[in-house]
file structure18.cif (mmCIF, C-alpha atoms)
data_work
#
loop_
_atom_site.group_PDB
_atom_site.id
_atom_site.type_symbol
_atom_site.label_atom_id
_atom_site.label_comp_id
_atom_site.auth_asym_id
_atom_site.auth_seq_id
_atom_site.Cartn_x
_atom_site.Cartn_y
_atom_site.Cartn_z
ATOM 1 C CA MET A 1 123.448 119.327 119.377
ATOM 2 C CA ASP A 2 124.853 119.452 115.863
ATOM 3 C CA PRO A 3 122.656 119.230 112.754
ATOM 4 C CA LEU A 4 123.731 115.651 112.026
ATOM 5 C CA GLU A 5 122.622 114.494 115.473
ATOM 6 C CA MET A 6 119.334 116.310 115.033
ATOM 7 C CA LEU A 7 118.831 114.676 111.648
ATOM 8 C CA LEU A 8 119.573 111.259 113.145
ATOM 9 C CA VAL A 9 117.042 111.782 115.946
ATOM 10 C CA VAL A 10 114.397 112.896 113.442
ATOM 11 C CA ALA A 11 115.164 109.799 111.323
ATOM 12 C CA PHE A 12 114.811 107.544 114.398
ATOM 13 C CA GLY A 13 111.530 109.323 115.245
ATOM 14 C CA VAL A 14 110.049 108.896 111.770
ATOM 15 C CA THR A 15 111.183 105.246 111.516
ATOM 16 C CA GLY A 16 109.843 104.420 114.982
ATOM 17 C CA GLY A 17 106.557 106.133 114.124
ATOM 18 C CA LEU A 18 106.295 104.274 110.806
ATOM 19 C CA ALA A 19 106.860 100.951 112.553
ATOM 20 C CA ALA A 20 104.292 101.876 115.207
ATOM 21 C CA GLY A 21 101.648 102.891 112.665
ATOM 22 C CA ALA A 22 102.141 99.948 110.346
ATOM 23 C CA LEU A 23 102.950 97.119 112.790
ATOM 24 C CA GLY A 24 101.442 98.253 116.102
ATOM 25 C CA ILE A 25 104.638 98.131 118.131
ATOM 26 C CA GLY A 26 105.409 101.096 120.370
ATOM 27 C CA GLY A 27 108.696 102.183 118.870
ATOM 28 C CA GLY A 28 110.704 101.934 122.096
ATOM 29 C CA THR A 29 113.137 99.575 120.362
ATOM 30 C CA LEU A 30 114.213 102.560 118.242
ATOM 31 C CA PHE A 31 113.510 105.502 120.536
ATOM 32 C CA ILE A 32 115.603 104.356 123.510
ATOM 33 C CA PRO A 33 118.794 103.640 121.478
ATOM 34 C CA ALA A 34 118.342 107.055 119.794
ATOM 35 C CA MET A 35 118.239 108.741 123.193
ATOM 36 C CA VAL A 36 121.196 106.811 124.621
ATOM 37 C CA PHE A 37 123.584 106.593 121.656
ATOM 38 C CA VAL A 38 122.785 109.755 119.654
ATOM 39 C CA LEU A 39 121.671 112.193 122.347
ATOM 40 C CA ASP A 40 123.977 110.738 125.010
ATOM 41 C CA GLN A 41 121.277 110.545 127.699
ATOM 42 C CA SER A 42 121.393 108.326 130.787
ATOM 43 C CA LEU A 43 119.356 105.118 130.490
ATOM 44 C CA LEU A 44 116.807 106.265 133.077
ATOM 45 C CA LYS A 45 116.245 109.629 131.397
ATOM 46 C CA ALA A 46 116.186 107.937 127.989
ATOM 47 C CA GLU A 47 113.469 105.539 129.186
ATOM 48 C CA GLY A 48 111.335 108.330 130.655
ATOM 49 C CA THR A 49 111.666 110.617 127.632
ATOM 50 C CA ALA A 50 111.199 107.772 125.124
ATOM 51 C CA LEU A 51 108.065 106.645 126.989
ATOM 52 C CA ALA A 52 106.645 110.185 126.765
ATOM 53 C CA ALA A 53 107.340 110.225 123.009
ATOM 54 C CA ILE A 54 105.849 106.713 122.653
ATOM 55 C CA ALA A 55 102.710 107.827 124.519
ATOM 56 C CA VAL A 56 102.141 110.699 122.076
ATOM 57 C CA VAL A 57 102.878 108.494 119.061
ATOM 58 C CA CYS A 58 100.550 105.727 120.298
ATOM 59 C CA VAL A 59 97.674 108.123 121.078
ATOM 60 C CA VAL A 60 97.846 109.564 117.549
ATOM 61 C CA GLY A 61 98.379 106.100 116.047
ATOM 62 C CA ALA A 62 95.406 104.616 117.915
ATOM 63 C CA TRP A 63 93.239 107.525 116.787
ATOM 64 C CA ARG A 64 94.260 107.009 113.142
ATOM 65 C CA GLN A 65 93.783 103.234 113.359
ATOM 66 C CA ASP A 66 90.367 103.728 114.965
ATOM 67 C CA GLY A 67 89.441 105.823 111.942
ATOM 68 C CA TYR A 68 90.276 102.813 109.754
ATOM 69 C CA GLY A 69 88.139 100.540 111.991
ATOM 70 C CA ASN A 70 91.109 98.552 113.330
ATOM 71 C CA VAL A 71 90.703 99.116 117.089
ATOM 72 C CA ARG A 72 88.776 96.886 119.513
ATOM 73 C CA LEU A 73 88.427 99.406 122.294
ATOM 74 C CA PHE A 74 87.243 97.071 125.060
ATOM 75 C CA ASP A 75 90.158 94.678 124.509
ATOM 76 C CA ALA A 76 92.644 97.559 124.412
ATOM 77 C CA LEU A 77 91.240 98.960 127.670
ATOM 78 C CA ALA A 78 91.407 95.530 129.344
ATOM 79 C CA ILE A 79 95.065 95.094 128.336
ATOM 80 C CA GLY A 80 96.033 98.652 129.200
ATOM 81 C CA LEU A 81 94.299 98.813 132.560
ATOM 82 C CA LEU A 82 95.572 95.412 133.764
ATOM 83 C CA SER A 83 99.202 96.144 132.905
ATOM 84 C CA PRO A 84 100.066 97.827 136.276
ATOM 85 C CA LEU A 85 99.488 94.431 137.898
ATOM 86 C CA GLY A 86 102.132 93.029 135.563
ATOM 87 C CA VAL A 87 104.649 95.685 136.608
ATOM 88 C CA VAL A 88 104.503 94.275 140.145
ATOM 89 C CA VAL A 89 104.858 90.696 138.806
ATOM 90 C CA GLY A 90 107.754 91.777 136.557
ATOM 91 C CA ALA A 91 109.588 93.450 139.408
ATOM 92 C CA GLY A 92 109.164 90.285 141.496
ATOM 93 C CA VAL A 93 110.476 88.065 138.694
ATOM 94 C CA ALA A 94 113.414 90.403 138.027
ATOM 95 C CA ASN A 95 114.577 89.962 141.622
ATOM 96 C CA ARG A 96 114.520 86.149 141.443
ATOM 97 C CA VAL A 97 115.632 85.195 137.919
ATOM 98 C CA PRO A 98 119.029 86.217 136.450
ATOM 99 C CA GLU A 99 118.651 88.910 133.774
ATOM 100 C CA ARG A 100 120.519 86.896 131.136
ATOM 101 C CA THR A 101 118.183 83.924 131.604
ATOM 102 C CA LEU A 102 115.195 86.223 131.107
ATOM 103 C CA GLU A 103 116.706 87.758 127.985
ATOM 104 C CA LEU A 104 117.447 84.379 126.438
ATOM 105 C CA GLY A 105 113.997 83.017 127.320
ATOM 106 C CA LEU A 106 112.294 86.006 125.767
ATOM 107 C CA ALA A 107 114.569 85.835 122.720
ATOM 108 C CA ALA A 108 113.526 82.196 122.178
ATOM 109 C CA LEU A 109 109.843 83.152 122.513
ATOM 110 C CA PHE A 110 110.166 86.077 120.086
ATOM 111 C CA ALA A 111 112.092 83.952 117.591
ATOM 112 C CA TYR A 112 109.317 81.327 117.752
ATOM 113 C CA PHE A 113 106.584 83.921 117.116
ATOM 114 C CA GLY A 114 108.716 85.543 114.421
ATOM 115 C CA ILE A 115 109.067 82.256 112.538
ATOM 116 C CA ARG A 116 105.327 81.544 112.875
ATOM 117 C CA LEU A 117 104.489 84.991 111.494
ATOM 118 C CA VAL A 118 106.918 84.633 108.589
ATOM 119 C CA ARG A 119 105.388 81.221 107.782
ATOM 120 C CA ARG A 120 101.950 82.855 107.864
ATOM 121 C CA ALA A 121 103.177 85.310 105.246
ATOM 122 C CA LEU A 122 104.399 82.592 102.890
ATOM 123 C CA PRO A 123 102.033 81.112 100.295
ATOM 124 C CA PRO A 124 100.773 77.582 101.111
ATOM 125 C CA PRO A 125 103.064 74.766 99.851
ATOM 126 C CA ALA A 126 102.294 73.108 96.516
ATOM 127 C CA ALA A 127 101.362 69.801 98.212
ATOM 128 C CA ALA A 128 98.666 71.510 100.281
ATOM 129 C CA ARG A 129 97.312 73.211 97.177
ATOM 130 C CA SER A 130 97.164 69.958 95.194
ATOM 131 C CA SER A 131 95.410 68.086 98.033
ATOM 132 C CA THR A 132 92.380 70.360 97.853
ATOM 133 C CA PRO A 133 89.520 68.410 96.215
ATOM 134 C CA ARG A 134 88.766 69.349 92.663
ATOM 135 C CA ALA A 135 85.333 69.332 91.089
ATOM 136 C CA ARG A 136 84.646 65.977 89.435
ATOM 137 C CA PRO A 137 84.230 66.238 85.680
ATOM 138 C CA ARG A 138 80.626 65.941 84.553
ATOM 139 C CA PRO A 139 79.712 62.863 82.482
ATOM 140 C CA ARG A 140 79.231 63.777 78.866
ATOM 141 C CA ARG A 141 75.616 63.868 77.770
ATOM 142 C CA ARG A 142 74.511 62.020 74.710
ATOM 143 C CA ARG A 143 72.894 64.132 72.077
ATOM 144 C CA GLY A 144 69.210 63.692 71.339
ATOM 145 C CA ARG A 145 68.345 61.871 74.538
ATOM 146 C CA THR A 146 67.813 63.010 78.134
ATOM 147 C CA SER A 147 69.688 61.294 80.920
ATOM 148 C CA PHE A 148 66.839 61.886 83.352
ATOM 149 C CA ALA A 149 66.567 58.881 85.675
ATOM 150 C CA GLY A 150 62.801 58.732 85.564
ATOM 151 C CA ALA A 151 62.680 58.750 81.761
ATOM 152 C CA HIS A 152 63.077 54.999 81.731
ATOM 153 C CA PRO A 153 61.001 53.470 84.559
ATOM 154 C CA ALA A 154 62.687 50.113 84.275
ATOM 155 C CA ARG A 155 65.984 51.628 85.248
ATOM 156 C CA ALA A 156 64.761 53.979 87.989
ATOM 157 C CA GLY A 157 62.143 51.850 89.684
ATOM 158 C CA ILE A 158 58.717 50.303 89.292
ATOM 159 C CA VAL A 159 55.530 52.025 88.073
ATOM 160 C CA ASP A 160 52.402 51.080 89.997
ATOM 161 C CA ARG A 161 49.745 50.312 87.397
ATOM 162 C CA ARG A 162 46.843 51.458 89.615
ATOM 163 C CA THR A 163 48.225 54.743 90.954
ATOM 164 C CA HIS A 164 50.748 55.368 88.163
ATOM 165 C CA ARG A 165 53.311 56.257 90.888
ATOM 166 C CA LEU A 166 56.947 55.545 90.396
ATOM 167 C CA THR A 167 58.726 53.827 93.291
ATOM 168 C CA ALA A 168 62.374 52.879 93.622
ATOM 169 C CA ARG A 169 63.464 49.294 93.890
ATOM 170 C CA ASP A 170 63.964 49.736 97.650
ATOM 171 C CA ASP A 171 60.346 51.087 97.964
ATOM 172 C CA SER A 172 61.339 54.702 98.572
ATOM 173 C CA PRO A 173 59.570 57.228 96.326
ATOM 174 C CA VAL A 174 61.460 58.357 93.276
ATOM 175 C CA ARG A 175 61.125 61.816 91.800
ATOM 176 C CA GLY A 176 60.135 61.447 88.238
ATOM 177 C CA PRO A 177 58.031 62.993 85.521
ATOM 178 C CA SER A 178 54.900 61.148 86.710
ATOM 179 C CA GLN A 179 55.122 62.790 90.155
ATOM 180 C CA GLY A 180 55.909 66.302 89.072
ATOM 181 C CA THR A 181 58.352 68.273 91.257
ATOM 182 C CA MET B 1 88.846 87.970 129.148
ATOM 183 C CA VAL B 2 91.364 85.641 130.831
ATOM 184 C CA ILE B 3 93.639 85.892 127.786
ATOM 185 C CA LEU B 4 93.306 89.690 127.704
ATOM 186 C CA GLY B 5 94.087 89.875 131.418
ATOM 187 C CA SER B 6 97.147 87.670 130.960
ATOM 188 C CA VAL B 7 98.303 89.803 128.027
ATOM 189 C CA GLY B 8 97.890 92.981 130.104
ATOM 190 C CA THR B 9 99.880 91.472 132.961
ATOM 191 C CA ALA B 10 102.597 90.257 130.575
ATOM 192 C CA VAL B 11 102.848 93.747 129.021
ATOM 193 C CA GLY B 12 103.273 95.321 132.452
ATOM 194 C CA ALA B 13 105.850 92.699 133.430
ATOM 195 C CA PHE B 14 107.754 93.281 130.189
ATOM 196 C CA SER B 15 107.747 97.040 130.779
ATOM 197 C CA GLY B 16 108.918 96.512 134.356
ATOM 198 C CA LEU B 17 111.712 94.160 133.278
ATOM 199 C CA PHE B 18 113.026 95.816 130.121
ATOM 200 C CA GLY B 19 111.645 99.361 130.205
ATOM 201 C CA MET B 20 109.861 99.099 126.868
ATOM 202 C CA GLY B 21 106.239 99.644 125.868
ATOM 203 C CA GLY B 22 105.476 96.010 125.101
ATOM 204 C CA GLY B 23 103.891 95.971 121.647
ATOM 205 C CA VAL B 24 105.856 92.817 120.890
ATOM 206 C CA VAL B 25 104.118 91.154 123.841
ATOM 207 C CA ILE B 26 100.599 92.261 122.883
ATOM 208 C CA ILE B 27 100.517 91.276 119.205
ATOM 209 C CA PRO B 28 101.276 87.492 119.211
ATOM 210 C CA PRO B 29 98.458 86.498 121.624
ATOM 211 C CA LEU B 30 96.009 88.704 119.733
ATOM 212 C CA ILE B 31 96.872 86.997 116.437
ATOM 213 C CA PHE B 32 97.456 83.406 117.575
ATOM 214 C CA LEU B 33 95.046 83.072 120.517
ATOM 215 C CA LEU B 34 92.257 85.528 119.720
ATOM 216 C CA SER B 35 92.375 85.181 115.903
ATOM 217 C CA TYR B 36 92.822 88.885 115.205
ATOM 218 C CA GLY B 37 93.841 89.965 111.717
ATOM 219 C CA GLU B 38 97.219 91.715 111.522
ATOM 220 C CA ARG B 39 95.617 95.150 111.027
ATOM 221 C CA GLU B 40 93.276 94.811 113.997
ATOM 222 C CA ALA B 41 96.082 93.478 116.183
ATOM 223 C CA ALA B 42 98.225 96.494 115.310
ATOM 224 C CA GLY B 43 95.403 99.001 115.954
ATOM 225 C CA THR B 44 94.350 97.430 119.263
ATOM 226 C CA SER B 45 97.977 97.115 120.362
ATOM 227 C CA LEU B 46 98.541 100.836 119.717
ATOM 228 C CA ALA B 47 95.437 101.750 121.723
ATOM 229 C CA ALA B 48 96.562 99.586 124.662
ATOM 230 C CA LEU B 49 100.097 100.988 124.453
ATOM 231 C CA ALA B 50 98.718 104.539 124.533
ATOM 232 C CA ILE B 51 97.333 103.778 128.018
ATOM 233 C CA VAL B 52 100.423 101.886 129.237
ATOM 234 C CA ALA B 53 102.980 104.386 127.913
ATOM 235 C CA SER B 54 101.007 107.433 129.150
ATOM 236 C CA ALA B 55 100.829 106.019 132.686
ATOM 237 C CA ALA B 56 104.516 105.021 132.675
ATOM 238 C CA ALA B 57 105.609 108.405 131.243
ATOM 239 C CA ALA B 58 103.547 110.228 133.907
ATOM 240 C CA VAL B 59 105.334 108.273 136.673
ATOM 241 C CA HIS B 60 108.737 109.003 135.072
ATOM 242 C CA ALA B 61 107.801 112.701 134.814
ATOM 243 C CA LEU B 62 107.030 112.764 138.559
ATOM 244 C CA TYR B 63 110.599 111.575 139.198
ATOM 245 C CA GLY B 64 111.999 114.177 136.787
ATOM 246 C CA ASN B 65 113.116 111.656 134.177
ATOM 247 C CA VAL B 66 111.389 113.287 131.177
ATOM 248 C CA ASP B 67 113.176 115.850 129.040
ATOM 249 C CA LEU B 68 110.347 117.656 127.271
ATOM 250 C CA ALA B 69 112.468 119.210 124.468
ATOM 251 C CA MET B 70 114.078 115.867 123.645
ATOM 252 C CA GLY B 71 110.700 114.159 123.856
ATOM 253 C CA LEU B 72 109.282 116.603 121.325
ATOM 254 C CA LEU B 73 112.307 116.192 119.053
ATOM 255 C CA LEU B 74 111.580 112.461 118.953
ATOM 256 C CA GLY B 75 107.786 112.603 119.270
ATOM 257 C CA VAL B 76 106.922 115.115 116.530
ATOM 258 C CA PRO B 77 108.668 113.138 113.732
ATOM 259 C CA GLY B 78 107.181 110.034 115.379
ATOM 260 C CA VAL B 79 103.659 111.453 114.979
ATOM 261 C CA ALA B 80 104.344 112.136 111.302
ATOM 262 C CA GLY B 81 105.697 108.597 110.969
ATOM 263 C CA VAL B 82 102.771 106.922 112.719
ATOM 264 C CA THR B 83 100.245 108.778 110.554
ATOM 265 C CA LEU B 84 102.107 107.688 107.426
ATOM 266 C CA GLY B 85 102.552 104.147 108.754
ATOM 267 C CA ALA B 86 98.836 103.731 109.526
ATOM 268 C CA MET B 87 98.006 104.980 106.034
ATOM 269 C CA LEU B 88 100.510 102.628 104.391
ATOM 270 C CA GLN B 89 99.195 99.708 106.449
ATOM 271 C CA GLN B 90 95.819 99.967 104.707
ATOM 272 C CA ARG B 91 97.501 99.590 101.319
ATOM 273 C CA VAL B 92 99.444 96.386 101.938
ATOM 274 C CA SER B 93 98.096 92.857 102.334
ATOM 275 C CA GLN B 94 97.750 91.158 105.726
ATOM 276 C CA ARG B 95 100.321 88.628 104.513
ATOM 277 C CA THR B 96 102.916 91.334 103.928
ATOM 278 C CA LEU B 97 102.185 92.708 107.383
ATOM 279 C CA ALA B 98 102.618 89.254 108.934
ATOM 280 C CA GLY B 99 105.988 88.894 107.165
ATOM 281 C CA ALA B 100 107.173 92.329 108.329
ATOM 282 C CA LEU B 101 106.048 91.588 111.887
ATOM 283 C CA GLY B 102 107.809 88.222 111.807
ATOM 284 C CA LEU B 103 111.069 89.843 110.708
ATOM 285 C CA TRP B 104 110.689 92.487 113.417
ATOM 286 C CA PHE B 105 110.254 89.742 116.039
ATOM 287 C CA ILE B 106 113.293 87.851 114.801
ATOM 288 C CA ALA B 107 115.352 91.083 114.896
ATOM 289 C CA THR B 108 114.153 91.783 118.468
ATOM 290 C CA ALA B 109 115.122 88.226 119.464
ATOM 291 C CA ALA B 110 118.587 88.730 117.955
ATOM 292 C CA MET B 111 118.955 92.047 119.809
ATOM 293 C CA LEU B 112 118.104 90.354 123.106
ATOM 294 C CA VAL B 113 120.699 87.629 122.535
ATOM 295 C CA ILE B 114 123.433 90.104 121.540
#

call {"tool": "encode", "arguments": {"input": "structure18.cif", "output": "structure tokens"}}
result
Amino acid sequence: MDPLEMLLVVAFGVTGGLAAGALGIGGGTLFIPAMVFVLDQSLLKAEGTALAAIAVVCVVGAWRQDGYGNVRLFDALAIGLLSPLGVVVGAGVANRVPERTLELGLAALFAYFGIRLVRRALPPPAAARSSTPRARPRPRRRRGRTSFAGAHPARAGIVDRRTHRLTARDDSPVRGPSQGT
Amino acid sequence: MVILGSVGTAVGAFSGLFGMGGGVVIIPPLIFLLSYGEREAAGTSLAALAIVASAAAAVHALYGNVDLAMGLLLGVPGVAGVTLGAMLQQRVSQRTLAGALGLWFIATAAMLVI
């Protein structure tokens, strides 16, 4: 292996690791092409070796992410431990559906999720921002006079002469200075 | 639990079909169905992939398909990268992460079509 090839493999390793640490993807998308096209390995050997490298990278990555409080261990265990069942399902599907159909179906699904994620990253449109209700401006207060509703019994309700209680025009009690708080 | 089980099965199926780890399969359901933040989705995905990839690599090793020297040549820089990536992830906003993930998904879709 010449130094340029070695440098390329190291670059693929660092880039794959960066993507794994920052985005949570395994890095196989970069590791397998590095093995096949730079190191000239067979696809089977490339898959096996890349998976071993991915395993190491993911163990270290999960440990680092756990340190930052970003790992839900139970969920990760549930996904990880149920995946062997999927291998059987995948093998069954692979024997029935043409490979190109699968690739195109998955590509459509990934493109859909990709667009949704990009839209999530964009700031909300101006129309959505303007539709959010704004605080209503307060009425201006006149100087030298309170605007308290109970200050003028005739406006707020009726004062009972016997009990001196203030009641609203619809007979429900009104909070006013005569009642306290 | 049903969603997690389905995600696990889908990851296994994806690995069986395309020979990849399956991080791209884990992250969307975590974000869109289980309302994970981008950081948590990435961390949980890595932890799940550690289990999946270790098991798959062990099976490949039994069949003699693992070249240890090559694996180290790729894995050691990968470990440096993942440590740096996890550190960088804490310094960028969730929005930036969502954008980067979206672009990664679109690139993966394009790769599958080509």

call {"tool": "residues_near_point", "arguments": {"input": "structure18.cif", "point": "(111.2, 104.9, 113.5)", "cutoff": "10 Å", "atoms": "only C-alpha atoms", "output": "PyMOL selection string"}}
result
(chain A and resi 9-21+26-31+34) or (chain B and resi 74+77-78+81-82+85)

call {"tool": "residues_around", "arguments": {"input": "structure18.cif", "residues": "Ala107 in chain B", "least_positions_apart": "6", "cutoff": "9 Å", "atoms": "all atoms listed in the file", "output": "list in words"}}
result
Phe110, Ala111 and Gly114 of chain A

call {"tool": "residues_near_point", "arguments": {"input": "structure18.cif", "point": "(92.1, 106.9, 117.6)", "cutoff": "10 Å", "atoms": "all atoms listed in the file", "output": "PDB file with C-alpha atoms, in the coordinates of the input"}}
result
ATOM      1  CA  CYS A  58     100.550 105.727 120.298  1.00  0.00           C
ATOM      2  CA  VAL A  59      97.674 108.123 121.078  1.00  0.00           C
ATOM      3  CA  VAL A  60      97.846 109.564 117.549  1.00  0.00           C
ATOM      4  CA  GLY A  61      98.379 106.100 116.047  1.00  0.00           C
ATOM      5  CA  ALA A  62      95.406 104.616 117.915  1.00  0.00           C
ATOM      6  CA  TRP A  63      93.239 107.525 116.787  1.00  0.00           C
ATOM      7  CA  ARG A  64      94.260 107.009 113.142  1.00  0.00           C
ATOM      8  CA  GLN A  65      93.783 103.234 113.359  1.00  0.00           C
ATOM      9  CA  ASP A  66      90.367 103.728 114.965  1.00  0.00           C
ATOM     10  CA  GLY A  67      89.441 105.823 111.942  1.00  0.00           C
ATOM     11  CA  TYR A  68      90.276 102.813 109.754  1.00  0.00           C
ATOM     12  CA  GLY A  69      88.139 100.540 111.991  1.00  0.00           C
ATOM     13  CA  ASN A  70      91.109  98.552 113.330  1.00  0.00           C
ATOM     14  CA  VAL A  71      90.703  99.116 117.089  1.00  0.00           C
ATOM     15  CA  LEU A  73      88.427  99.406 122.294  1.00  0.00           C
TER      16      LEU A  73
ATOM     17  CA  GLY B  43      95.403  99.001 115.954  1.00  0.00           C
ATOM     18  CA  THR B  44      94.350  97.430 119.263  1.00  0.00           C
ATOM     19  CA  LEU B  46      98.541 100.836 119.717  1.00  0.00           C
ATOM     20  CA  ALA B  47      95.437 101.750 121.723  1.00  0.00           C
ATOM     21  CA  ALA B  50      98.718 104.539 124.533  1.00  0.00           C
TER      22      ALA B  50
END

call {"tool": "resolve_selection", "arguments": {"input": "structure18.cif", "expression": "the PyMOL selection byres ((chain B) within 6 of (chain A))", "output": "number ranges by chain"}}
result
B: 4, 8-13, 16-17, 20-21, 23, 40, 42-48, 50-54, 57, 60, 65-67, 71, 74-75, 77-79, 81-82, 85-86, 89, 95, 98-99, 102, 105-106, 109, 112

call {"tool": "atom_distance", "arguments": {"input": "structure18.cif", "atom1": "CA of Ser35 in chain B", "atom2": "CA of Thr83 in chain B"}}
result
25.4 Å

call {"tool": "resolve_selection", "arguments": {"input": "structure18.cif", "expression": "the PyMOL selection byres ((chain B and resi 25) around 8)", "output": "number ranges by chain"}}
result
B: 7, 10-11, 14, 22-24, 26-29

call {"tool": "atom_distance", "arguments": {"input": "structure18.cif", "atom1": "CA of Ile3 in chain B", "atom2": "CA of Phe32 in chain B"}}
result
11.2 Å

call {"tool": "axis_aligned_box", "arguments": {"input": "structure18.cif", "around": "range 90-109 of chain B", "padding_each_side": "3 Å", "output": "lines of an AutoDock Vina configuration file"}}
result
center_x = 105.6
center_y = 93.9
center_z = 110.4
size_x = 25.5
size_y = 18.1
size_z = 24.1

call {"tool": "atom_distance", "arguments": {"input": "structure18.cif", "atom1": "CA of Ser93 in chain B", "atom2": "CA of Arg39 in chain B"}}
result
9.3 Å
